[in-house]
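Structure file start17.tsv with TSV, C-alpha atoms and all ligand atoms:
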```tsv
chain	number	residue	atom	x	y	z
P	133	SER	CA	-2.19	-62.51	-23.74
P	134	THR	CA	1.15	-61.11	-22.69
P	135	GLN	CA	2.92	-61.13	-26.05
P	136	LEU	CA	2.92	-57.34	-26.23
P	137	GLY	CA	4.28	-57.04	-22.72
P	138	THR	CA	1.98	-54.07	-22.29
P	139	ALA	CA	2.79	-51.86	-19.36
P	140	ALA	CA	2.47	-48.18	-18.57
P	141	GLU	CA	3.43	-45.88	-15.74
P	142	ALA	CA	2.66	-42.22	-15.07
P	143	PHE	CA	3.07	-39.57	-12.40
P	144	ALA	CA	0.75	-36.66	-11.59
P	145	PRO	CA	1.18	-34.00	-8.92
P	146	SER	CA	-1.25	-33.14	-6.20
P	147	ASN	CA	-2.66	-29.60	-6.35
P	148	ILE	CA	-4.01	-26.91	-4.04
P	149	ALA	CA	-6.75	-24.64	-5.32
P	150	LEU	CA	-6.18	-20.92	-4.78
P	151	CYS	CA	-9.62	-20.22	-6.26
P	152	LYS	CA	-11.78	-23.16	-5.24
P	153	TYR	CA	-14.06	-25.44	-7.22
P	154	TRP	CA	-17.25	-25.80	-5.22
P	155	GLY	CA	-20.53	-26.95	-6.77
P	156	LYS	CA	-21.44	-29.11	-9.76
P	157	ARG	CA	-23.81	-28.12	-12.53
P	158	GLU	CA	-23.82	-31.76	-13.68
P	159	ALA	CA	-22.95	-34.52	-11.25
P	160	GLU	CA	-22.34	-37.45	-13.59
P	161	LEU	CA	-19.58	-35.77	-15.60
P	162	ASN	CA	-18.32	-33.57	-12.75
P	163	LEU	CA	-19.09	-30.34	-14.57
P	164	PRO	CA	-18.41	-27.40	-12.23
P	165	ILE	CA	-20.53	-24.33	-11.62
P	166	ASN	CA	-17.39	-22.16	-11.44
P	167	GLY	CA	-13.89	-22.11	-12.86
P	168	SER	CA	-10.95	-22.64	-10.50
P	169	LEU	CA	-7.21	-22.04	-10.30
P	170	SER	CA	-4.59	-24.12	-8.54
P	171	ILE	CA	-0.91	-24.65	-7.95
P	172	SER	CA	0.50	-28.13	-8.47
P	173	LEU	CA	2.83	-29.58	-5.86
P	174	GLY	CA	5.80	-30.57	-8.04
P	175	GLU	CA	7.08	-33.99	-7.00
P	176	LEU	CA	4.38	-34.62	-4.44
P	177	GLY	CA	1.66	-36.72	-5.97
P	178	SER	CA	0.73	-40.16	-7.29
P	179	ARG	CA	2.56	-42.65	-9.47
P	180	THR	CA	0.34	-45.22	-11.16
P	181	SER	CA	1.27	-48.26	-13.20
P	182	ILE	CA	-0.87	-50.59	-15.29
P	183	VAL	CA	0.21	-54.03	-16.50
P	184	GLU	CA	-1.72	-56.92	-17.94
P	185	SER	CA	-2.84	-59.35	-15.28
P	186	ASP	CA	-2.05	-63.04	-15.60
P	187	SER	CA	-4.35	-63.95	-12.72
P	188	GLY	CA	-7.53	-63.65	-14.79
P	189	SER	CA	-8.96	-60.79	-12.73
P	190	ASP	CA	-8.25	-57.13	-12.01
P	191	GLN	CA	-6.04	-56.32	-9.06
P	192	VAL	CA	-5.71	-52.93	-7.42
P	193	TYR	CA	-2.84	-51.93	-5.15
P	194	LEU	CA	-2.48	-48.80	-3.05
P	195	ASN	CA	0.90	-48.00	-1.52
P	196	ASP	CA	2.09	-51.57	-2.15
P	197	LYS	CA	-0.92	-53.17	-0.49
P	198	LEU	CA	-3.44	-55.31	-2.39
P	199	ILE	CA	-6.88	-53.76	-1.97
P	200	GLU	CA	-10.05	-55.86	-1.65
P	201	PRO	CA	-12.04	-55.64	-4.93
P	202	THR	CA	-15.13	-54.55	-3.00
P	203	ASP	CA	-13.29	-51.71	-1.27
P	204	ARG	CA	-14.36	-48.19	-2.30
P	205	PHE	CA	-10.89	-47.30	-3.58
P	206	ALA	CA	-10.75	-50.40	-5.80
P	207	THR	CA	-14.26	-49.97	-7.19
P	208	LYS	CA	-13.58	-46.31	-8.03
P	209	VAL	CA	-10.36	-47.18	-9.87
P	210	ILE	CA	-11.94	-50.06	-11.80
P	211	SER	CA	-15.10	-48.21	-12.77
P	212	PHE	CA	-12.96	-45.32	-14.03
P	213	LEU	CA	-10.85	-47.76	-16.05
P	214	ASN	CA	-14.02	-49.33	-17.44
P	215	LEU	CA	-14.95	-46.02	-19.06
P	216	PHE	CA	-12.00	-46.64	-21.38
P	217	ARG	CA	-11.67	-50.38	-21.94
P	218	ARG	CA	-15.24	-51.37	-22.70
P	219	GLU	CA	-14.31	-53.49	-25.69
P	220	LEU	CA	-10.89	-54.56	-24.52
P	221	GLN	CA	-11.75	-56.53	-21.48
P	222	GLN	CA	-8.33	-57.93	-20.53
P	223	PRO	CA	-7.78	-57.84	-16.78
P	224	VAL	CA	-5.05	-55.58	-15.42
P	225	VAL	CA	-3.00	-54.90	-12.32
P	226	ILE	CA	-3.13	-51.24	-11.30
P	227	LYS	CA	-0.71	-49.97	-8.67
P	228	THR	CA	-0.84	-46.51	-7.18
P	229	VAL	CA	1.79	-45.10	-4.85
P	230	ASN	CA	1.25	-41.72	-3.19
P	231	ASN	CA	4.32	-39.88	-1.99
P	232	ILE	CA	2.31	-37.09	-0.41
P	233	PRO	CA	3.26	-37.17	3.25
P	234	THR	CA	0.25	-38.84	4.85
P	235	ALA	CA	1.07	-36.59	7.75
P	236	ALA	CA	0.01	-33.63	5.63
P	237	GLY	CA	-3.61	-34.76	5.56
P	238	LEU	CA	-3.91	-34.00	1.86
P	239	ALA	CA	-6.47	-35.71	-0.31
P	240	SER	CA	-4.89	-37.75	-3.09
P	241	SER	CA	-7.89	-38.22	-5.38
P	242	ALA	CA	-6.76	-35.38	-7.67
P	243	SER	CA	-3.27	-36.74	-8.32
P	244	GLY	CA	-4.57	-40.32	-8.25
P	245	PHE	CA	-7.14	-39.92	-11.03
P	246	ALA	CA	-4.80	-37.74	-13.10
P	247	ALA	CA	-1.99	-40.32	-12.88
P	248	LEU	CA	-4.46	-43.11	-13.66
P	249	MET	CA	-5.74	-41.24	-16.73
P	250	LEU	CA	-2.19	-40.62	-17.99
P	251	ALA	CA	-1.34	-44.29	-17.46
P	252	ILE	CA	-4.52	-45.40	-19.26
P	253	ASN	CA	-3.63	-43.16	-22.21
P	254	ASP	CA	-0.25	-44.84	-22.40
P	255	PHE	CA	-1.42	-48.39	-21.74
P	256	TYR	CA	-4.10	-48.36	-24.46
P	257	ARG	CA	-1.98	-46.13	-26.73
P	258	PHE	CA	-4.78	-43.60	-27.13
P	259	GLY	CA	-2.35	-40.78	-27.88
P	260	LEU	CA	-4.69	-38.16	-26.44
P	261	GLY	CA	-3.56	-34.58	-25.84
P	262	ASN	CA	-3.27	-33.07	-22.38
P	263	GLU	CA	-6.49	-31.08	-22.50
P	264	VAL	CA	-8.55	-34.12	-23.47
P	265	LEU	CA	-6.78	-36.10	-20.75
P	266	SER	CA	-7.66	-33.33	-18.31
P	267	ALA	CA	-11.34	-33.44	-19.33
P	268	PHE	CA	-11.35	-37.22	-18.86
P	269	ALA	CA	-9.50	-37.08	-15.52
P	270	ARG	CA	-12.19	-34.63	-14.40
P	271	MET	CA	-14.75	-37.43	-14.59
P	272	GLY	CA	-12.85	-39.30	-11.86
P	273	SER	CA	-12.58	-36.29	-9.59
P	274	GLY	CA	-13.10	-32.65	-10.55
P	275	SER	CA	-9.82	-31.45	-9.10
P	276	ALA	CA	-7.98	-34.21	-11.03
P	277	SER	CA	-8.49	-32.13	-14.19
P	278	ARG	CA	-5.92	-29.70	-12.76
P	279	SER	CA	-3.43	-32.38	-11.68
P	280	VAL	CA	-2.64	-33.23	-15.31
P	281	PHE	CA	-0.38	-30.15	-15.30
P	282	GLN	CA	2.42	-28.68	-13.19
P	283	GLY	CA	2.66	-25.04	-12.13
P	284	PHE	CA	-0.29	-22.66	-11.96
P	285	VAL	CA	-3.31	-24.25	-13.61
P	286	GLU	CA	-6.73	-22.90	-14.57
P	287	TRP	CA	-9.71	-25.20	-14.96
P	288	GLN	CA	-12.24	-23.52	-17.21
P	289	LYS	CA	-15.78	-24.52	-16.36
P	290	GLY	CA	-16.70	-24.84	-20.04
P	291	LEU	CA	-20.09	-24.49	-21.67
P	292	ARG	CA	-20.64	-27.72	-23.54
P	293	GLU	CA	-23.00	-30.38	-22.30
P	294	ASP	CA	-20.57	-33.19	-23.07
P	295	GLY	CA	-17.98	-31.48	-20.90
P	296	MET	CA	-15.15	-31.70	-23.41
P	297	ASP	CA	-14.38	-28.00	-22.95
P	298	SER	CA	-14.38	-28.34	-19.16
P	299	CYS	CA	-10.68	-28.99	-18.83
P	300	ALA	CA	-7.62	-27.42	-17.32
P	301	GLN	CA	-4.69	-25.59	-18.88
P	302	ARG	CA	-1.30	-24.72	-17.52
P	303	LEU	CA	-0.85	-20.98	-17.15
P	304	ASP	CA	2.31	-19.58	-18.64
P	305	LEU	CA	3.36	-18.06	-15.32
P	306	GLU	CA	6.22	-19.01	-13.02
P	307	TRP	CA	7.02	-17.83	-9.52
P	308	GLN	CA	10.26	-19.25	-8.17
P	309	GLY	CA	9.84	-17.87	-4.66
P	310	PHE	CA	6.29	-19.13	-4.13
P	311	ARG	CA	5.97	-21.49	-1.15
P	312	ILE	CA	3.26	-23.70	0.32
P	313	GLY	CA	3.20	-25.10	3.84
P	314	LEU	CA	1.09	-28.20	4.45
P	315	LEU	CA	-0.10	-27.73	8.00
P	316	LYS	CA	-1.79	-30.77	9.40
P	317	VAL	CA	-3.74	-29.90	12.50
P	318	ALA	CA	-6.20	-32.77	12.95
P	319	THR	CA	-6.65	-36.40	11.96
P	320	GLY	CA	-9.62	-38.63	11.35
P	321	ALA	CA	-11.50	-39.46	8.17
P	322	LYS	CA	-14.05	-36.86	7.13
P	323	LYS	CA	-17.66	-37.91	7.30
P	324	VAL	CA	-18.90	-35.92	4.31
P	325	ASP	CA	-16.88	-36.20	1.09
P	326	SER	CA	-16.60	-33.30	-1.34
P	327	ARG	CA	-19.26	-34.69	-3.68
P	328	ALA	CA	-21.85	-34.91	-0.90
P	329	GLY	CA	-20.68	-31.60	0.56
P	330	MET	CA	-21.11	-29.77	-2.73
P	331	GLN	CA	-24.52	-31.25	-3.29
P	332	ARG	CA	-25.72	-30.25	0.15
P	333	THR	CA	-24.37	-26.72	-0.26
P	334	VAL	CA	-25.83	-26.13	-3.71
P	335	GLU	CA	-29.22	-27.47	-2.63
P	336	SER	CA	-29.59	-25.85	0.77
P	337	ALA	CA	-27.33	-22.83	1.29
P	338	PRO	CA	-28.84	-19.41	0.43
P	339	LEU	CA	-25.29	-18.00	0.61
P	340	TYR	CA	-24.28	-20.21	-2.32
P	341	GLN	CA	-26.11	-17.75	-4.62
P	342	ALA	CA	-23.21	-15.34	-4.22
P	343	TRP	CA	-20.48	-17.93	-4.82
P	344	PRO	CA	-20.24	-18.25	-8.64
P	345	GLU	CA	-19.81	-14.52	-9.13
P	346	GLN	CA	-17.25	-14.19	-6.34
P	347	ALA	CA	-15.28	-17.16	-7.65
P	348	ALA	CA	-15.18	-15.70	-11.17
P	349	LYS	CA	-13.88	-12.41	-9.82
P	350	ASP	CA	-11.35	-14.03	-7.47
P	351	LEU	CA	-9.99	-16.15	-10.30
P	352	GLN	CA	-9.15	-13.06	-12.35
P	353	THR	CA	-7.65	-11.28	-9.34
P	354	ILE	CA	-5.47	-14.28	-8.49
P	355	LYS	CA	-4.21	-14.50	-12.07
P	356	ARG	CA	-3.23	-10.85	-11.92
P	357	ALA	CA	-1.56	-11.34	-8.53
P	358	ILE	CA	0.51	-14.22	-9.93
P	359	GLU	CA	1.53	-12.14	-12.94
P	360	ASP	CA	2.66	-9.35	-10.59
P	361	LYS	CA	4.13	-11.77	-8.00
P	362	ASP	CA	2.03	-9.90	-5.47
P	363	ILE	CA	1.80	-12.22	-2.45
P	364	GLU	CA	-0.45	-9.83	-0.51
P	365	LEU	CA	-3.04	-9.70	-3.28
P	366	LEU	CA	-2.77	-13.41	-4.01
P	367	GLY	CA	-2.86	-14.43	-0.35
P	368	GLN	CA	-5.71	-12.15	0.57
P	369	THR	CA	-7.83	-13.22	-2.39
P	370	ALA	CA	-7.10	-16.95	-1.92
P	371	GLU	CA	-7.78	-16.82	1.82
P	372	GLN	CA	-11.02	-14.91	1.39
P	373	ASN	CA	-12.04	-17.27	-1.41
P	374	ALA	CA	-11.48	-20.34	0.78
P	375	LEU	CA	-13.26	-18.87	3.79
P	376	SER	CA	-16.18	-17.76	1.61
P	377	MET	CA	-16.48	-21.31	0.29
P	378	HIS	CA	-16.53	-22.55	3.89
P	379	ALA	CA	-19.14	-19.93	4.74
P	380	THR	CA	-21.45	-21.44	2.12
P	381	MET	CA	-20.94	-24.87	3.69
P	382	ILE	CA	-21.63	-23.57	7.19
P	383	GLY	CA	-24.80	-21.96	5.85
P	384	SER	CA	-26.07	-25.30	4.52
P	385	TRP	CA	-28.59	-27.51	6.24
P	386	PRO	CA	-27.68	-29.63	8.03
P	387	PRO	CA	-24.63	-27.44	8.64
P	388	LEU	CA	-21.36	-28.58	7.17
P	389	LEU	CA	-18.28	-27.56	9.14
P	390	TYR	CA	-15.00	-29.26	8.24
P	391	TRP	CA	-13.05	-27.28	10.84
P	392	GLN	CA	-11.89	-28.74	14.13
P	393	PRO	CA	-10.98	-26.63	17.16
P	394	GLU	CA	-7.33	-27.14	16.12
P	395	SER	CA	-8.12	-25.64	12.70
P	396	VAL	CA	-9.46	-22.47	14.26
P	397	ALA	CA	-6.48	-22.25	16.62
P	398	ALA	CA	-4.13	-22.54	13.63
P	399	MET	CA	-6.07	-19.85	11.74
P	400	HIS	CA	-5.50	-17.49	14.67
P	401	ARG	CA	-1.80	-18.30	14.62
P	402	VAL	CA	-1.65	-17.35	10.94
P	403	TRP	CA	-3.45	-14.08	11.63
P	404	GLU	CA	-1.16	-13.31	14.58
P	405	LEU	CA	1.92	-13.88	12.44
P	406	ARG	CA	0.44	-11.64	9.78
P	407	ALA	CA	-0.21	-8.95	12.37
P	408	LEU	CA	3.54	-9.05	13.07
P	409	GLY	CA	4.15	-8.14	9.44
P	410	VAL	CA	4.74	-11.56	7.86
P	411	PRO	CA	2.78	-11.97	4.60
P	412	VAL	CA	1.46	-15.47	5.24
P	413	TYR	CA	-2.02	-16.57	4.25
P	414	LEU	CA	-4.12	-19.68	4.61
P	415	THR	CA	-6.36	-21.80	2.45
P	416	MET	CA	-8.42	-24.86	3.37
P	417	ASP	CA	-10.26	-27.56	1.45
P	418	ALA	CA	-12.99	-30.00	2.49
P	419	GLY	CA	-11.14	-31.02	5.63
P	420	PRO	CA	-9.66	-29.68	8.87
P	421	ASN	CA	-6.11	-28.94	7.69
P	422	LEU	CA	-4.55	-25.67	6.54
P	423	LYS	CA	-2.26	-24.84	3.65
P	424	LEU	CA	-0.07	-21.79	4.17
P	425	LEU	CA	0.81	-19.48	1.28
P	426	PHE	CA	3.94	-17.33	1.50
P	427	THR	CA	7.23	-16.55	-0.26
P	428	ALA	CA	10.77	-17.87	0.24
P	429	GLU	CA	12.01	-14.70	1.94
P	430	TYR	CA	9.68	-15.36	4.89
P	431	GLU	CA	10.32	-19.09	5.17
P	432	ALA	CA	12.38	-18.74	8.37
P	433	GLN	CA	9.64	-16.77	10.13
P	434	VAL	CA	6.96	-19.24	9.03
P	435	ARG	CA	9.06	-22.18	10.24
P	436	ASP	CA	9.66	-20.46	13.58
P	437	ALA	CA	5.97	-19.82	14.08
P	438	PHE	CA	4.94	-23.31	12.91
P	439	PRO	CA	7.64	-25.65	14.22
P	440	GLU	CA	5.45	-28.65	13.34
P	441	LEU	CA	6.19	-28.04	9.64
P	442	THR	CA	8.84	-30.52	8.50
P	443	ASP	CA	10.96	-30.22	5.36
P	444	LEU	CA	8.47	-32.52	3.62
P	445	ASP	CA	5.59	-30.19	4.46
P	446	LEU	CA	7.26	-27.22	2.74
P	447	VAL	CA	6.71	-27.21	-1.00
P	448	ALA	CA	8.55	-25.12	-3.58
P	449	PRO	CA	6.32	-25.74	-6.63
P	450	PHE	CA	8.87	-24.41	-9.12
P	451	GLY	CA	11.81	-26.37	-7.75
P	501	LIG	O1	-12.68	-32.64	-7.09
P	501	LIG	P1	-12.90	-32.96	-5.69
P	501	LIG	O2	-14.05	-33.88	-5.47
P	501	LIG	O3	-11.63	-33.46	-5.06
P	501	LIG	O4	-13.30	-31.59	-4.93
P	501	LIG	C1	-12.39	-30.59	-4.62
P	501	LIG	C2	-12.99	-29.59	-3.72
P	501	LIG	C3	-12.01	-28.65	-3.03
P	501	LIG	O5	-10.80	-29.32	-2.71
P	501	LIG	C4	-12.64	-28.16	-1.74
P	501	LIG	C5	-11.71	-27.40	-3.87
P	501	LIG	C6	-10.76	-27.57	-5.04
P	501	LIG	O6	-10.92	-26.82	-6.00
P	501	LIG	O7	-9.85	-28.41	-4.98
```

Could you spell out this file's structure in structure tokens?
Ligand code: PMV
Amino acid sequence: STQLGTAAEAFAPSNIALCKYWGKREAELNLPINGSLSISLGELGSRTSIVESDSGSDQVYLNDKLIEPTDRFATKVISFLNLFRRELQQPVVIKTVNNIPTAAGLASSASGFAALMLAINDFYRFGLGNEVLSAFARMGSGSASRSVFQGFVEWQKGLREDGMDSCAQRLDLEWQGFRIGLLKVATGAKKVDSRAGMQRTVESAPLYQAWPEQAAKDLQTIKRAIEDKDIELLGQTAEQNALSMHATMIGSWPPLLYWQPESVAAMHRVWELRALGVPVYLTMDAGPNLKLLFTAEYEAQVRDAFPELTDLDLVAPFG
């Protein structure tokens, strides 16, 4: 029935982890082995709307295109929705638009599931608080727990078996001059998604033993660096954290290397720029692209050294 004219719309930002989430202690609920800390990307993210369908079946759109119901994207969206509408089976139209420059090669599952969760909360008038919404978004994609919030965000791993304490919180810390550069160096869909990558690493990499302790320590160091607006300490810790995560992947069997030759070339360019005295650091996720971490005072030097960065690839998370 359409008498209520039910409709909802929500936005959630994408986020970049400075201390990475890598490894699940429970795969069904996406409960992480370690806590993580990220920075949300302001206006870059996903906008999702839900309206009642008058066609008698669910419809899923991505970037204004109707998606086949059997497509992976559509089945993920609908099975997530089904966690919340079990007894209210009315069909819906769900539309997601990502404004993350596709050229940036950024995954949109974090912002996508967070925006979907916020829209679901509105559509069904659940009235849930942000931390509960974060815990629920986590079930769609772990990193989505952090995309419920703007700014610097910590996702606490939690201790409970039901996962309701495994949710994110916004940190009460701002850093006006903090900048992120989205450096796309290679294209092509990845062959191993983060879920499969984590599983392989946890099961087969001896190096993974060292990861939970390092991540816990890095998280505290990064928090301190943000408090002190210390880009050297933040950058160094975030870069080492990301490369240590990749080291655990490389030490898996079969080996898991998300880097392309272009990734390694870009890493050297970052290190060369740093050798010239520019405090610029890199982080990488489960893909070939780099994210640069620096401050506004060095933006000109970073742009000069990386002319491929467009205005859209430069993010000022605090406006
Ligand atoms: O939550 P997922 O499945 O998108 O996994 C995220 C994994 C990393 O991006 C590599 C790290 C992170 O914390 O975002």

*Within 12 Å of Arg435 of chain P, counting all atoms listed in the file, which residues qualify if same-chain residues fewer than 5 places away don't, as a PyMOL selection string?*
chain P and resi 311-315+402+405+410+412+424+426+428-430+440-443+445-446

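Atom O7 of ligand LIG 501 (chain P) is positioned 23.1 Å from atom CA of Leu215 of chain P.
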
*Site check for ligand LIG 501 (chain P): residues at most 9 Å away, all atoms listed in the file, as a PyMOL selection string*: chain P and resi 147-155+162+167-170+239-242+270+272-278+325-327+330+374+377-378+416-419

_Shortest interatomic distance to Ser146 of chain P - which of P:Thr202, P:Ser298, P:Ser178, P:Thr427, counting only C-alpha atoms_ =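 Ranked by minimum distance to Ser146 of chain P, first place goes to P:Ser178.
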
*Of the candidates P:Met249, P:Ile382, P:Leu375, P:Leu291, which one gets nearest to Val334 of chain P if we count only C-alpha atoms?*
P:Ile382
